Amino acid sequence: MATTSVSRVLPASPERVWDLIGGFHALPDWLPYIPESTMLEGGRVRRLTNPDGEVIVERLMDFSEAERHYTYAIVEAPFQSQKGCAVITAHPF
């Protein structure tokens, strides 16, 4: 299976970064491409809308506040997506 990894070093503590990006529905707070996130299924699914009105639906698979990470799967998207998961994490460099 193919994998991709993207990493950024930021001039902030992991705790501060997690405070911004750690909420599963926080994408509109830090990602301009996603101006809207709607919680579904008790917060386990997010319905994202991009500036063109296209919809992306993602399901939360795993979440750890203590370890500062969450894993999600793309359920529906306007682009071709392979089955798999993505992980968002904030950790010390």
# chains A, B, ... in the order shown; residues from 1 in each chain; ligands from 1
>>> residues_around(residues="Leu48 (chain A)", least_positions_apart="6", cutoff="8 Å", atoms="only C-alpha atoms", output="list in words")
Ile34, Pro35, Glu36, Ser37, Thr38, Val55, Ile56, Val57 and Glu58 of chain A
>>> closest_residue(among="A:Arg68, A:Asp62, A:Ile74, A:Phe24", to="Ala90 (chain A)", atoms="only C-alpha atoms")
A:Arg68
>>> closest_atom_pairs(of="region 29-50 of chain A", to="region 76-86 of chain A", cutoff="12 Å", atoms="only C-alpha atoms", output="CSV")
residue,atom,partner,partner_atom,distance
A:Val45,CA,A:Glu76,CA,11.1
A:Arg46,CA,A:Glu76,CA,10.6
A:Arg47,CA,A:Glu76,CA,9.1
A:Leu48,CA,A:Ala77,CA,9.4
A:Thr49,CA,A:Ala77,CA,10.0
A:Asn50,CA,A:Pro78,CA,10.1
>>> residues_around(residues="Leu20 (chain A)", least_positions_apart="5", cutoff="9 Å", atoms="only C-alpha atoms", output="ChimeraX atom specification")
/A:15,26-27,29-30
>>> write_last_selection(atoms="C-alpha atoms", output="PDB file, in the first residue's frame")
ATOM      1  CA  GLU A  15       0.418  21.574  23.449  1.00  0.00           C
ATOM      2  CA  ALA A  26     -11.498  22.480  14.130  1.00  0.00           C
ATOM      3  CA  LEU A  27     -10.374  22.433  10.472  1.00  0.00           C
ATOM      4  CA  ASP A  29     -10.017  27.351  12.452  1.00  0.00           C
ATOM      5  CA  TRP A  30      -6.709  26.623  10.738  1.00  0.00           C
TER       6      TRP A  30
END
>>> residues_around(residues="Ala12 (chain A)", least_positions_apart="6", cutoff="12 Å", atoms="only C-alpha atoms", output="list in words")
Trp18, Asp19, Leu20, Ala90, His91, Pro92 and Phe93 of chain A
>>> write_last_selection(atoms="N, CA and C atoms", output="short mmCIF file (atom, residue, chain, number, x, y, z; two decimals), in the first residue's frame")
data_model
loop_
_atom_site.label_atom_id
_atom_site.label_comp_id
_atom_site.auth_asym_id
_atom_site.auth_seq_id
_atom_site.Cartn_x
_atom_site.Cartn_y
_atom_site.Cartn_z
N TRP A 18 -1.60 21.58 19.39
CA TRP A 18 -2.76 20.71 19.56
C TRP A 18 -4.00 21.51 19.95
N ASP A 19 -3.83 22.56 20.76
CA ASP A 19 -4.97 23.40 21.12
C ASP A 19 -5.64 23.96 19.87
N LEU A 20 -4.87 24.22 18.82
CA LEU A 20 -5.43 24.76 17.58
C LEU A 20 -5.96 23.67 16.66
N ALA A 90 0.41 16.10 17.00
CA ALA A 90 1.30 17.17 17.42
C ALA A 90 2.26 16.57 18.44
N HIS A 91 3.54 16.57 18.12
CA HIS A 91 4.53 15.98 19.02
C HIS A 91 5.79 16.82 19.02
N PRO A 92 6.63 16.68 20.04
CA PRO A 92 7.87 17.46 20.09
C PRO A 92 8.80 17.10 18.95
N PHE A 93 9.55 18.07 18.48
CA PHE A 93 10.50 17.85 17.42
C PHE A 93 11.82 17.39 17.99
#
>>> residues_around(residues="Gly42 (chain A)", least_positions_apart="5", cutoff="12 Å", atoms="only C-alpha atoms", output="mmCIF file with all heavy atoms, in the first residue's frame")
data_model
loop_
_atom_site.group_PDB
_atom_site.id
_atom_site.type_symbol
_atom_site.label_atom_id
_atom_site.label_comp_id
_atom_site.auth_asym_id
_atom_site.auth_seq_id
_atom_site.Cartn_x
_atom_site.Cartn_y
_atom_site.Cartn_z
ATOM 1 N N PHE A 24 -11.444 17.547 16.253
ATOM 2 C CA PHE A 24 -11.814 16.899 14.986
ATOM 3 C C PHE A 24 -12.609 17.848 14.086
ATOM 4 O O PHE A 24 -12.542 17.749 12.870
ATOM 5 C CB PHE A 24 -12.602 15.616 15.266
ATOM 6 C CG PHE A 24 -12.929 14.803 14.040
ATOM 7 C CD1 PHE A 24 -11.925 14.369 13.181
ATOM 8 C CD2 PHE A 24 -14.235 14.459 13.748
ATOM 9 C CE1 PHE A 24 -12.224 13.612 12.052
ATOM 10 C CE2 PHE A 24 -14.548 13.695 12.623
ATOM 11 C CZ PHE A 24 -13.544 13.278 11.779
ATOM 12 N N HIS A 25 -13.332 18.781 14.685
ATOM 13 C CA HIS A 25 -14.136 19.712 13.889
ATOM 14 C C HIS A 25 -13.493 21.096 13.810
ATOM 15 O O HIS A 25 -14.155 22.071 13.449
ATOM 16 C CB HIS A 25 -15.553 19.793 14.456
ATOM 17 C CG HIS A 25 -16.229 18.465 14.419
ATOM 18 N ND1 HIS A 25 -16.748 17.936 13.263
ATOM 19 C CD2 HIS A 25 -16.396 17.526 15.374
ATOM 20 C CE1 HIS A 25 -17.231 16.737 13.513
ATOM 21 N NE2 HIS A 25 -17.023 16.463 14.770
ATOM 22 N N ARG A 59 -14.725 10.175 8.689
ATOM 23 C CA ARG A 59 -15.121 9.475 9.919
ATOM 24 C C ARG A 59 -13.930 9.372 10.866
ATOM 25 O O ARG A 59 -12.853 8.928 10.474
ATOM 26 C CB ARG A 59 -15.633 8.077 9.599
ATOM 27 C CG ARG A 59 -15.994 7.248 10.840
ATOM 28 C CD ARG A 59 -16.611 5.918 10.485
ATOM 29 N NE ARG A 59 -17.869 6.075 9.761
ATOM 30 C CZ ARG A 59 -19.036 6.393 10.325
ATOM 31 N NH1 ARG A 59 -19.114 6.584 11.615
ATOM 32 N NH2 ARG A 59 -20.123 6.506 9.587
ATOM 33 N N LEU A 60 -14.138 9.781 12.106
ATOM 34 C CA LEU A 60 -13.117 9.673 13.144
ATOM 35 C C LEU A 60 -12.949 8.208 13.528
ATOM 36 O O LEU A 60 -13.920 7.539 13.889
ATOM 37 C CB LEU A 60 -13.528 10.498 14.367
ATOM 38 C CG LEU A 60 -12.546 10.565 15.516
ATOM 39 C CD1 LEU A 60 -11.254 11.272 15.088
ATOM 40 C CD2 LEU A 60 -13.179 11.290 16.700
#
>>> atom_distance(atom1="CA of Gly22 (chain A)", atom2="CA of Val75 (chain A)")
20.1 Å
